[in-house]
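Below is one structure; the comments refer to it alone.
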2 protein chains.
Amino acid sequence: MVVTHPQTGHQLNIGLDVIAVPRLRASLELAEVSGCDFVLAPLAHPRYERMSVHASPPAVPASPDLPPRIIRTDPLTRSDLELSSGEWMAGVVAKLSPWIRPDSPHTALRTASEAAFAEEVSFAAHMSLRALVIPPPNGGRSGVANLARCLSAALLAAPTLQLWLRLPVVDLPGRVPLSSFAADETSVELPSEDETDPWEVWNVIRTMCGEHPNLGVALELTPDLPLRPLLERWIAEPVRVVLLSTSSYVTNKVGYPVLSRKHQDFIKTMFKMRPFFALTGRAHKVKGGDGYRPFVQYLAHLFGKMPDSSEAETYEAPYYDYLQAPLQPLADNLGSQMYETFEKDPVKYSAYEQAVRMCLVDMQTGKEGKEIVIMVVGAGRGPLVKRCLDAAESTGISVKVYAVEKNPNAIVTLRNMQREPGWENVTVVPGDMRTLKSEVKADILVSELLGSFGDNELSPECLDGANSLLREGGVSIPCSYTSFLAPLSSTKLHNEVKAYGDSMKEMETSYVVKIHRGKLVAAPQPVFTFTHPNRAVVIDNSRYTKLEFCVSETNIVHGFAGFFETDLYKGIKLSINPETFSDRMFSWFPIFFPIASPVYVKGGQTLTAHMWRCVSPSKVWYEWCVTDPSVTVIHNPNGRSHAMSKGS
Amino acid sequence: MVVTHPQTGHQLNIGLDVIAVPRLRASLELAEVSGCDFVLAPLAHPRYERMSVHASPPAVPASPDLPPRIIRTDPLTRSDLELSSGEWMAGVVAKLSPWIRPDSPHTALRTASEAAFAEEVSFAAHMSLRALVIPPPNGGRSGVANLARCLSAALLAAPTLQLWLRLPVVDLPGRVPLSSFAADETSVELPSEDETDPWEVWNVIRTMCGEHPNLGVALELTPDLPLRPLLERWIAEPVRVVLLSTSSYVTNKVGYPVLSRKHQDFIKTMFKMRPFFALTGRAHKVKGGDGYRPFVQYLAHLFGKMPDSSEAETYEAPYYDYLQAPLQPLADNLGSQMYETFEKDPVKYSAYEQAVRMCLVDMQTGKEGKEIVIMVVGAGRGPLVKRCLDAAESTGISVKVYAVEKNPNAIVTLRNMQREPGWENVTVVPGDMRTLKSEVKADILVSELLGSFGDNELSPECLDGANSLLREGGVSIPCSYTSFLAPLSSTKLHNEVKAYGDSMKEMETSYVVKIHRGKLVAAPQPVFTFTHPNRAVVIDNSRYTKLEFCVSETNIVHGFAGFFETDLYKGIKLSINPETFSDRMFSWFPIFFPIASPVYVKGGQTLTAHMWRCVSPSKVWYEWCVTDPSVTVIHNPNGRSHAMSKGS
């Protein structure tokens with residue numbers, strides 16, 4: 001049974017982890033009776049003999065690149081004819097034999113393990129199975145190197161097979177939340193906890209395997225879950241299946257198996273990441289039915305209770321973790337569809353209207369009866385012009401509006417709108433705000449030139465260029481904006497960048513992206529602020545900021561997430577900074593600045609980052625690097641890989 | 001004056017660091033009078049006005065990609081017509097203006113510094129100067145980020161200009177040699193010392209600039225030098241000029257200026273790296289002449305006392321830091337010139353002769369009068385055959401020698417040699433030792449199949465293949481061999497690998513190289529051992545070893561240097577392991593295994609490395625990684641970038 005959410009249509013696949021499998025079809029039938037649609041089953045038959053290298057002469061190896069070590073008389077496992085290939089692919093996730101110990105100190109067991117590992121991988125690939133689940137390593141993070149090599153070799157040898165490393169997450173006794181300590185007391189952790197912390201183990205293996213996209217996590221939830229910040233690190237990791245032990249269930253007042261609030265919360269978070277789920281452990285007797293059915297039903301019930309997606313979520317879902325190049329509206333002309341998307345935002349234009357209204361009222365006080373001149377620079381297809389007219393109408397203040405736009409295609413739309421009622425006082429002015437000369441000066445200059453990182457679509461350069469259009473004492477809406485940056489952990493996004501191309505160029509580019517499988521490991525901090533109008537004699541829009549982030553939980557930092565906040569007028573704000581987010585606004589996704597070699601940061605350490613905004617006569621670009629706890633190269637020196645062109 | 005070594009012909013360039021330069025020609029003349037052949041002179045004239053951005057309207061920038069910030073009425077500096085362009089290039093190394101402080105907390109000074117930095121770089125590039133020396137940063141390693149960005153930008157903007165960062169090396173008070181502590185007490189260092197340690201400062205800047213090959217060090221020796229292990233880290237760095245303060249000199253009994261033993265030792269080490277030298281500081285009055293002449297003369301005297309190069313050094317010098325692909329004698333046939341080079345080694349063949357002689361004597365005891373059968377497998381052009389005959393002759397033991405060789409071209413040489421006197425008992429057998437069948441069995445199997453890393457030219461596979469040629473109880477010469485590995489710091493070698501191609505493939509390849517600008521940061525440790533003959537039923541030549549190196553001084557590890565030791569017969573050894581090196585032997589250079597992202601290791605930390613020797617039916621390859629103090633990717637998984645082919 002695949003559970004489908006009644007509103008969202010999202011699907012939930014629940015499987016059953018089986019230990020002994022005399023006959024695979026019987027196991028699949030048991031799973032189906034329990035409401036599950038696949039089984040996690042051992043790939044090899046445990047009773048078939050598999051001897052190690054030192055006992056008899058070599059057999060022909062399974063693959064020409066695998067060493068000739070396994071000798072047997074029995075077959076490896078059941079015949080592949082037991083199920084149809086469709087049943088194998090949809091119904092079976094295989095488990096590697098639990099006796100395989102590539103990091104055993106005993107050479108014979110180690111070499112036999114290496115050979116068996118390669119053999120089972122080869123068979124799973126042959127069967128086109130969904131994935132092969134690797135048993136939990138038991139050596140701590142310093143005892144997994146040879147397992148990592150086996151995985152690394154398998155990922156290359158079987159390029160279509162998923163390998164999921166099973167990791168039980170348990171509470172670490174003695175682990176104290178770092179926030180309860182002063183900063184200088186954060187080194188009280190015991191090293192032995194790091195050694196066995198499943199995330200640390202995973203991090204070593206993932207790094208050794210080069211963050212291979214086919215390497216995933218089979219996360220096993222136990223009755224004792226760790227603290228929320230420790231659990232949340234898994235959001236940034238490729239968790240492919242969540243295994244839930246029946247022993248994690250508790251019995252509620254009326255005798256049904258349910259989960260604790262802590263388990264529920266984490267599972268709900270994981271639902272959004274859409275992994276498979278599977279039940280593991282014994283089906284002890286509970287109310288609600290036989291076998292695993294009550295446990296499965298409770299999980300399906302939790303899933304069904306997930307709230308319906310918001311309008312913004314529905315719009316955003318297709319963009320999850322999809323990297324886009326930032327817009328370059330100065331260099332390129334936007335298409336009509338792009339304008340339409342942006343004009344739909346329910347929050348942004350209301351805020352602009354309110355800001356213009358407040359500003360009109362403030363200005364009227366001084367110059368009763370006189371027409372107020374508003375210039376909308378970068379008017380596009382006119383949404384801001386419309387809001388300015390609305391604001392004027394609602395205040396009864398008479399205005400003259402100039403709509404300045406450099407895109408000749410958008411001018412067509414504006415000229416058509418001009419014929420509509422209410423647009424009598426609108427003048428359409430084709431041209432670039434930076435070069436336009438005007439006898440008339442604006443009282444209010446309205447613009448919407450902000451990118452995900454505030455200044456990254458060259459709003460400062462454009463508005464400085466339009467300075468001569470604004471009268472002395474005039475107001476710019478927005479008045480100011482500030483970019484924000486936070487260190488981000490996201491294997492997913494780092495892999496997406498690598499998928500674009502595995503060279504430094506891709507790592508030195510910033511991307512607009514709706515971050516889904518990622519976690520901010522510290523709160524965003526302000527980076528660059530611009531205030532308008534800027535009346536300095538010589539305007540310098542280059543910036544340099546050093547940022548120090550206190551990271552509370554050990555993490556890998558793959559780059560930085562960038563946001564902005566803007567003050568349109570006297571406290572009317574728009575923000576995509578998660579801490580001050582303008583609810584329901586969807587005009588901007590965050591920006592992502594990758595780090596070529598991810599940085600490991602221990603809980604309690606400070607991450608020092610440097611960010612430059614560099615300006616030349618022809619372009620603007622960012623450079624960034626980390627200098628603590630380790631030093632990275634300066635990314636994008638001289639804008640060699642990515643820059644915003646000033647060209648018109 | 002350029003000092004030329006009387007024997008070696010090596011040259012020493014000595015320069016003079018001048019502070020104030022009213023006229024450049026006068027300074028050059030002063031330098032010449034003092035025995036120097038170049039000056040380190042300020043590039044910009046300190047009294048010419050250079051105003052910062054906020055004072056007046058912008059000027060045209062020096063380069064289209066540099067911001068328009070510098071405004072002046074005076075020229076930047078003296079006219080370039082003051083000297084001929086030849087004099088500029090040969091006679092002047094320029095110094096950046098000392099007031100430039102890119103990391104100043106004062107925005108005005110910072111931005112003016114950035115602009116002046118770019119301007120002086122542009123002018124130095126315009127003049128085709130040898131190098132521009134950057135004044136010592138004074139902010140500690142956490143206060144050099146913006147300087148590093150200026151350097152990074154300059155290295156890209158002026159791709160032919162060398163930038164040398166001036167760094168005074170001083171003794172760090174309170175620094176205790178780590179070796180005097182037990183391992184668990186190594187964390188007693190004060191962090192403030194790391195902060196100001198010039199190597200740490202350099203390491204941050206070098207890393208941020210991506211280890212750019214045009215970025216070098218101007219190392220300034222002060223009266224107080226640090227401990228030798230700290231000093232030696234500079235051997236692995238691109239030191240382009242050694243600046244020696246006159247205050248570092250002491251007066252000897254007869255009144256002449258001389259250097260302490262510590263200074264002498266370090267300078268002699270640096271002579272071998274062939275940097276420029278330059279005198280700095282005041283020319284206080286000493287015996288031996290006016291001005292700087294006595295100081296220069298003493299340096300020239302030290303240089304002249306350098307010992308003549310040994311034969312091995314003369315042979316090796318052209319190969320310093322030159323990366324070669326390891327030989328693949330199994331897959332390719334060696335050329336005649338290659339054989340000739342190898343046959344010249346004065347140590348290797350003597351050791352073989354001695355080993356064969358000892359073995360003959362041992363064997364004769366059992367079988368008086370009977371002919372002893374020696375098979376030389378991989379006989380090449382016959383040097384080992386000759387040594388076997390010599391050994392037999394010197395012991396008076398009668399032998400029958402079979403010369404097995406698969407290279408048909410070498411067979412030509414062998415057949416010709418067979419006609420020479422003394423070769424009556426030699427039989428030439430064309431063929432591959434691994435497939436050859438023979439009725440006659442050898443008492444002694446002699447081979448020279450070892451590579452720089454012992455087994456890396458597939459000696460184990462070849463000798464195992466030749467097992468059937470050796471009688472039960474017969475002896476293999478060599479009897480055994482062991483590879484060794486040590487972590488290596490060498491910016492130079494890492495850059496050489498990158499120069500081959502900046503992809504993972506080059507970083508996953510091993511190279512044979514005479515390491516010159518590099519330093520082992522821990523003693524070599526044994527890795528893989530092979531013993532012959534190997535009579536196991538199923539032979540497994542794959543290996544896995546985990547190595548733990550205790551690193552005493554903070555360093556960057558760029559990869560591993562590999563060596564081998566072999567026991568030819570009962571203690572007759574050959575070794576290229578530096579700790580047991582066979583003096584004067586030159587047949588093997590070390591092997592270098594790079595690490596893609598160099599690993600920073602603090603003094604007292606343990607570096608954990610993993611090395612695999614992997615074997616498939618068609619090839620053999622190594623994989624390697626580091627798991628402590630940080631985790632690297634596994635290099636060369638499945639031999640994807642580099643492998644030794646078993647093909648014949």
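Residue names in the structure tokens use chain letters A, B, ... in the order shown, residue numbers from 1 in each chain, and ligand numbers from 1 in the order shown.
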- request: Pick out the residues sitting within 10 Å of Gly289 in chain A, and hand them over as number ranges by chain; count only C-alpha atoms, and ignore anything fewer than 6 positions along from it in its own chain.
  value: A: 34, 256, 295, 297
Which residue, A:Cys359, A:Val538, A:Ala300, A:Val513, has the smallest gap to Tyr569 in chain A when you use only C-alpha atoms?
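When distances to Tyr569 in chain A are compared using only C-alpha atoms, the smallest one comes from A:Cys359.
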Which neighbours of Val239 in chain A fall inside 8 Å, counting only C-alpha atoms, when residues of the same chain fewer than 2 positions from it are skipped, and could you give them as a ChimeraX atom specification?
/A:216-219,234-235,237,241-242,275
Computed gap from CA of Asp628 in chain B to CA of Thr608 in chain B is 4.9 Å
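With CA of Ile14 in chain A on one side and CA of Leu299 in chain A on the other, the separation reads 8.6 Å.
The residue set within 12 Å of Asn425 in chain A, counting only C-alpha atoms and dropping same-chain residues fewer than 4 places from it, reads Glu371, Ile372, Val373, Ile374, Met375, Val385, Lys386, Cys388, Leu389, Ala392, Glu393, Ser398, Val399, Lys400, Val401, Tyr402, Ala403, Met417, Gln418, Arg419, Glu420 and Pro421 of chain A.
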For the residues in the current selection, export N, CA, C and O atoms as a tab-separated table (two decimals), in the first residue's frame.
```tsv
chain	number	residue	atom	x	y	z
A	371	GLU	N	1.13	69.37	-6.80
A	371	GLU	CA	1.25	68.02	-7.34
A	371	GLU	C	2.59	67.39	-6.88
A	371	GLU	O	3.63	68.06	-6.96
A	372	ILE	N	2.55	66.16	-6.44
A	372	ILE	CA	3.80	65.47	-6.06
A	372	ILE	C	4.27	64.60	-7.23
A	372	ILE	O	3.47	63.88	-7.82
A	373	VAL	N	5.56	64.73	-7.55
A	373	VAL	CA	6.12	64.00	-8.71
A	373	VAL	C	6.73	62.67	-8.25
A	373	VAL	O	7.63	62.65	-7.40
A	374	ILE	N	6.19	61.58	-8.79
A	374	ILE	CA	6.74	60.24	-8.50
A	374	ILE	C	7.38	59.71	-9.77
A	374	ILE	O	6.77	59.75	-10.85
A	375	MET	N	8.61	59.25	-9.68
A	375	MET	CA	9.20	58.55	-10.82
A	375	MET	C	9.40	57.09	-10.45
A	375	MET	O	10.03	56.79	-9.43
A	385	VAL	N	3.63	51.36	-10.85
A	385	VAL	CA	2.91	52.57	-11.27
A	385	VAL	C	1.47	52.51	-10.76
A	385	VAL	O	0.94	53.45	-10.19
A	386	LYS	N	0.89	51.29	-10.94
A	386	LYS	CA	-0.49	51.10	-10.50
A	386	LYS	C	-0.61	51.33	-8.99
A	386	LYS	O	-1.53	52.01	-8.52
A	388	CYS	N	1.29	53.13	-7.08
A	388	CYS	CA	1.48	54.55	-6.77
A	388	CYS	C	0.17	55.31	-7.01
A	388	CYS	O	-0.22	56.16	-6.20
A	389	LEU	N	-0.51	54.98	-8.13
A	389	LEU	CA	-1.79	55.64	-8.42
A	389	LEU	C	-2.82	55.30	-7.35
A	389	LEU	O	-3.57	56.18	-6.89
A	392	ALA	N	-2.09	57.27	-4.25
A	392	ALA	CA	-2.49	58.66	-4.42
A	392	ALA	C	-4.00	58.80	-4.27
A	392	ALA	O	-4.50	59.68	-3.57
A	393	GLU	N	-4.70	57.86	-4.92
A	393	GLU	CA	-6.16	57.93	-4.88
A	393	GLU	C	-6.69	57.78	-3.46
A	393	GLU	O	-7.54	58.54	-3.02
A	398	SER	N	-2.87	64.67	-5.18
A	398	SER	CA	-2.66	64.60	-6.63
A	398	SER	C	-1.19	64.41	-6.96
A	398	SER	O	-0.30	65.01	-6.36
A	399	VAL	N	-0.97	63.52	-7.90
A	399	VAL	CA	0.41	63.14	-8.25
A	399	VAL	C	0.59	63.19	-9.76
A	399	VAL	O	-0.37	63.12	-10.53
A	400	LYS	N	1.86	63.31	-10.14
A	400	LYS	CA	2.26	63.15	-11.53
A	400	LYS	C	3.25	62.00	-11.53
A	400	LYS	O	4.22	62.02	-10.76
A	401	VAL	N	2.97	60.95	-12.32
A	401	VAL	CA	3.83	59.77	-12.28
A	401	VAL	C	4.59	59.62	-13.60
A	401	VAL	O	3.99	59.69	-14.68
A	402	TYR	N	5.90	59.45	-13.51
A	402	TYR	CA	6.72	59.13	-14.68
A	402	TYR	C	7.14	57.66	-14.59
A	402	TYR	O	7.67	57.25	-13.55
A	403	ALA	N	6.88	56.91	-15.65
A	403	ALA	CA	7.26	55.49	-15.66
A	403	ALA	C	8.47	55.33	-16.57
A	403	ALA	O	8.36	55.39	-17.79
A	417	MET	N	-1.33	50.60	-21.31
A	417	MET	CA	-1.98	50.88	-20.02
A	417	MET	C	-2.33	52.34	-19.89
A	417	MET	O	-3.33	52.70	-19.26
A	418	GLN	N	-1.50	53.19	-20.48
A	418	GLN	CA	-1.70	54.64	-20.39
A	418	GLN	C	-3.09	55.06	-20.86
A	418	GLN	O	-3.59	56.10	-20.47
A	419	ARG	N	-3.71	54.23	-21.72
A	419	ARG	CA	-5.02	54.59	-22.26
A	419	ARG	C	-6.14	54.26	-21.28
A	419	ARG	O	-7.28	54.62	-21.48
A	420	GLU	N	-5.78	53.55	-20.20
A	420	GLU	CA	-6.81	53.15	-19.24
A	420	GLU	C	-7.18	54.33	-18.35
A	420	GLU	O	-6.37	55.22	-18.12
A	421	PRO	N	-8.42	54.30	-17.81
A	421	PRO	CA	-8.82	55.40	-16.90
A	421	PRO	C	-7.96	55.41	-15.65
A	421	PRO	O	-7.56	54.35	-15.16
```
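Nearest residue to chain B, choosing from A:Gly86, A:Gly562, A:Gly501, A:Pro487 and counting only C-alpha atoms: A:Gly501.
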May I have all residues of range 264-448 of chain B that DSSP, computed from the backbone, assigns to strand (DSSP E), given as an mmCIF file with N, CA, C and O atoms, in the first residue's frame?
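This went into out-v8.cif:
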```cif
data_model
loop_
_atom_site.group_PDB
_atom_site.id
_atom_site.type_symbol
_atom_site.label_atom_id
_atom_site.label_comp_id
_atom_site.auth_asym_id
_atom_site.auth_seq_id
_atom_site.Cartn_x
_atom_site.Cartn_y
_atom_site.Cartn_z
ATOM 1 N N PHE B 276 67.561 34.511 -4.264
ATOM 2 C CA PHE B 276 68.414 35.689 -4.158
ATOM 3 C C PHE B 276 68.721 35.918 -2.688
ATOM 4 O O PHE B 276 67.998 35.451 -1.802
ATOM 5 N N PHE B 277 69.804 36.675 -2.445
ATOM 6 C CA PHE B 277 70.088 37.146 -1.091
ATOM 7 C C PHE B 277 70.131 38.668 -1.136
ATOM 8 O O PHE B 277 70.412 39.256 -2.186
ATOM 9 N N ALA B 278 69.850 39.295 -0.012
ATOM 10 C CA ALA B 278 69.961 40.758 0.029
ATOM 11 C C ALA B 278 70.285 41.195 1.446
ATOM 12 O O ALA B 278 69.835 40.573 2.424
ATOM 13 N N LEU B 279 71.072 42.253 1.549
ATOM 14 C CA LEU B 279 71.399 42.807 2.856
ATOM 15 C C LEU B 279 70.441 43.928 3.178
ATOM 16 O O LEU B 279 70.062 44.715 2.307
ATOM 17 N N THR B 280 70.061 43.984 4.433
ATOM 18 C CA THR B 280 69.147 45.030 4.871
ATOM 19 C C THR B 280 69.688 45.613 6.175
ATOM 20 O O THR B 280 70.597 45.057 6.787
ATOM 21 N N ILE B 372 75.477 -24.925 -9.503
ATOM 22 C CA ILE B 372 74.315 -24.204 -8.960
ATOM 23 C C ILE B 372 73.639 -23.427 -10.079
ATOM 24 O O ILE B 372 74.304 -22.755 -10.873
ATOM 25 N N VAL B 373 72.306 -23.576 -10.164
ATOM 26 C CA VAL B 373 71.555 -22.929 -11.248
ATOM 27 C C VAL B 373 71.029 -21.573 -10.784
ATOM 28 O O VAL B 373 70.304 -21.475 -9.796
ATOM 29 N N ILE B 374 71.442 -20.506 -11.492
ATOM 30 C CA ILE B 374 70.950 -19.150 -11.220
ATOM 31 C C ILE B 374 70.088 -18.718 -12.397
ATOM 32 O O ILE B 374 70.498 -18.853 -13.545
ATOM 33 N N MET B 375 68.900 -18.250 -12.095
ATOM 34 C CA MET B 375 68.109 -17.635 -13.164
ATOM 35 C C MET B 375 67.987 -16.157 -12.868
ATOM 36 O O MET B 375 67.539 -15.759 -11.790
ATOM 37 N N VAL B 376 68.406 -15.348 -13.852
ATOM 38 C CA VAL B 376 68.208 -13.907 -13.737
ATOM 39 C C VAL B 376 66.944 -13.586 -14.530
ATOM 40 O O VAL B 376 66.925 -13.725 -15.752
ATOM 41 N N VAL B 377 65.884 -13.215 -13.823
ATOM 42 C CA VAL B 377 64.611 -12.939 -14.510
ATOM 43 C C VAL B 377 64.465 -11.428 -14.686
ATOM 44 O O VAL B 377 64.610 -10.663 -13.738
ATOM 45 N N VAL B 399 78.649 -22.388 -11.765
ATOM 46 C CA VAL B 399 77.232 -22.049 -11.890
ATOM 47 C C VAL B 399 76.783 -22.216 -13.330
ATOM 48 O O VAL B 399 77.587 -22.224 -14.264
ATOM 49 N N LYS B 400 75.481 -22.387 -13.461
ATOM 50 C CA LYS B 400 74.836 -22.334 -14.768
ATOM 51 C C LYS B 400 73.850 -21.167 -14.672
ATOM 52 O O LYS B 400 73.018 -21.130 -13.749
ATOM 53 N N VAL B 401 73.955 -20.180 -15.578
ATOM 54 C CA VAL B 401 73.102 -18.982 -15.482
ATOM 55 C C VAL B 401 72.123 -18.932 -16.649
ATOM 56 O O VAL B 401 72.521 -19.103 -17.805
ATOM 57 N N TYR B 402 70.859 -18.770 -16.325
ATOM 58 C CA TYR B 402 69.841 -18.533 -17.350
ATOM 59 C C TYR B 402 69.442 -17.066 -17.282
ATOM 60 O O TYR B 402 69.103 -16.566 -16.214
ATOM 61 N N ALA B 403 69.486 -16.395 -18.442
ATOM 62 C CA ALA B 403 69.094 -14.985 -18.500
ATOM 63 C C ALA B 403 67.738 -14.893 -19.187
ATOM 64 O O ALA B 403 67.632 -15.059 -20.401
ATOM 65 N N VAL B 404 66.696 -14.671 -18.383
ATOM 66 C CA VAL B 404 65.334 -14.604 -18.906
ATOM 67 C C VAL B 404 64.965 -13.145 -19.148
ATOM 68 O O VAL B 404 65.128 -12.305 -18.260
ATOM 69 N N GLU B 405 64.499 -12.856 -20.342
ATOM 70 C CA GLU B 405 64.169 -11.458 -20.652
ATOM 71 C C GLU B 405 63.046 -11.439 -21.681
ATOM 72 O O GLU B 405 63.067 -12.168 -22.661
ATOM 73 N N VAL B 426 76.235 -19.318 -19.777
ATOM 74 C CA VAL B 426 75.008 -18.502 -19.767
ATOM 75 C C VAL B 426 74.094 -18.938 -20.900
ATOM 76 O O VAL B 426 74.533 -19.086 -22.035
ATOM 77 N N THR B 427 72.806 -19.171 -20.572
ATOM 78 C CA THR B 427 71.799 -19.463 -21.587
ATOM 79 C C THR B 427 70.817 -18.303 -21.626
ATOM 80 O O THR B 427 70.315 -17.873 -20.572
ATOM 81 N N VAL B 428 70.569 -17.771 -22.808
ATOM 82 C CA VAL B 428 69.610 -16.673 -22.938
ATOM 83 C C VAL B 428 68.235 -17.261 -23.249
ATOM 84 O O VAL B 428 68.101 -18.073 -24.161
ATOM 85 N N VAL B 429 67.255 -16.894 -22.477
ATOM 86 C CA VAL B 429 65.899 -17.428 -22.644
ATOM 87 C C VAL B 429 64.934 -16.275 -22.902
ATOM 88 O O VAL B 429 64.594 -15.537 -21.981
ATOM 89 N N PRO B 430 64.485 -16.090 -24.151
ATOM 90 C CA PRO B 430 63.491 -15.036 -24.394
ATOM 91 C C PRO B 430 62.132 -15.466 -23.842
ATOM 92 O O PRO B 430 61.740 -16.619 -24.024
ATOM 93 N N ALA B 442 65.571 -23.385 -10.881
ATOM 94 C CA ALA B 442 66.650 -22.542 -10.372
ATOM 95 C C ALA B 442 66.884 -22.797 -8.887
ATOM 96 O O ALA B 442 65.951 -23.072 -8.136
ATOM 97 N N ASP B 443 68.168 -22.714 -8.501
ATOM 98 C CA ASP B 443 68.481 -22.670 -7.066
ATOM 99 C C ASP B 443 68.332 -21.238 -6.553
ATOM 100 O O ASP B 443 67.881 -21.008 -5.443
ATOM 101 N N ILE B 444 68.736 -20.303 -7.415
ATOM 102 C CA ILE B 444 68.646 -18.881 -7.035
ATOM 103 C C ILE B 444 67.951 -18.128 -8.170
ATOM 104 O O ILE B 444 68.310 -18.286 -9.331
ATOM 105 N N LEU B 445 66.952 -17.348 -7.777
ATOM 106 C CA LEU B 445 66.230 -16.529 -8.750
ATOM 107 C C LEU B 445 66.612 -15.078 -8.462
ATOM 108 O O LEU B 445 66.318 -14.564 -7.384
ATOM 109 N N VAL B 446 67.327 -14.444 -9.411
ATOM 110 C CA VAL B 446 67.785 -13.068 -9.176
ATOM 111 C C VAL B 446 66.965 -12.109 -10.031
ATOM 112 O O VAL B 446 66.764 -12.360 -11.219
ATOM 113 N N SER B 447 66.494 -11.036 -9.414
ATOM 114 C CA SER B 447 65.682 -10.068 -10.163
ATOM 115 C C SER B 447 65.940 -8.655 -9.668
ATOM 116 O O SER B 447 66.368 -8.454 -8.534
#
```
Spatial neighbours of Ser438 in chain A, 9 Å, only C-alpha atoms, chain gap at least 2 places, as a list in words |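 Non-adjacent residues within range: Leu436, Val440, Lys441, Ser468 and Leu469 of chain A.
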Could those selected residues go to a file with N, CA, C and O atoms, as a PDB file, in the first residue's frame?
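See result_12.pdb below for the written result:
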```
ATOM      1  N   LEU A 436      19.454  59.014 -18.243  1.00  0.00           N
ATOM      2  CA  LEU A 436      18.340  59.909 -18.554  1.00  0.00           C
ATOM      3  C   LEU A 436      18.564  61.298 -17.951  1.00  0.00           C
ATOM      4  O   LEU A 436      18.962  61.417 -16.800  1.00  0.00           O
ATOM      5  N   VAL A 440      12.356  68.039 -15.093  1.00  0.00           N
ATOM      6  CA  VAL A 440      11.494  67.755 -13.942  1.00  0.00           C
ATOM      7  C   VAL A 440      12.253  66.873 -12.969  1.00  0.00           C
ATOM      8  O   VAL A 440      12.932  65.931 -13.381  1.00  0.00           O
ATOM      9  N   LYS A 441      12.163  67.182 -11.686  1.00  0.00           N
ATOM     10  CA  LYS A 441      12.821  66.350 -10.677  1.00  0.00           C
ATOM     11  C   LYS A 441      11.754  65.628  -9.855  1.00  0.00           C
ATOM     12  O   LYS A 441      10.689  66.202  -9.570  1.00  0.00           O
ATOM     13  N   SER A 468      20.294  62.122 -10.312  1.00  0.00           N
ATOM     14  CA  SER A 468      19.989  63.453 -10.865  1.00  0.00           C
ATOM     15  C   SER A 468      18.497  63.627 -11.138  1.00  0.00           C
ATOM     16  O   SER A 468      18.031  64.734 -11.374  1.00  0.00           O
ATOM     17  N   LEU A 469      17.749  62.507 -11.139  1.00  0.00           N
ATOM     18  CA  LEU A 469      16.309  62.597 -11.377  1.00  0.00           C
ATOM     19  C   LEU A 469      15.548  62.994 -10.114  1.00  0.00           C
ATOM     20  O   LEU A 469      14.365  63.337 -10.178  1.00  0.00           O
TER      21      LEU A 469
END
```
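In terms of minimum interatomic distance to chain B, A:Glu200 ranks closest within A:Glu200, A:Asp390, A:Glu82, A:Glu496, counting only C-alpha atoms.
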* Gap from CA of Pro198 in chain B to CA of Asn138 in chain B - Å, one decimal ->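 It comes out at 9.9 Å.
Distances from B:Arg240, B:Arg149, B:Lys268, B:His558 to His610 in chain A were compared using only C-alpha atoms, and the smallest one belongs to B:Arg149.
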The residue from A:Lys95, A:Arg110, A:Arg293, A:His5 with the smallest atom-to-atom distance to chain B, counting only C-alpha atoms, is A:Arg110
Nearest candidate to chain A (options B:Ile556, B:Cys550, B:Cys209, B:Val347; using only C-alpha atoms):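 Comparing B:Ile556, B:Cys550, B:Cys209, B:Val347 against chain A, the winner is B:Cys209.
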Tell me, which residues of range 347-527 of chain A carry DSSP alpha helix (DSSP H), written as a count of residues only? 63
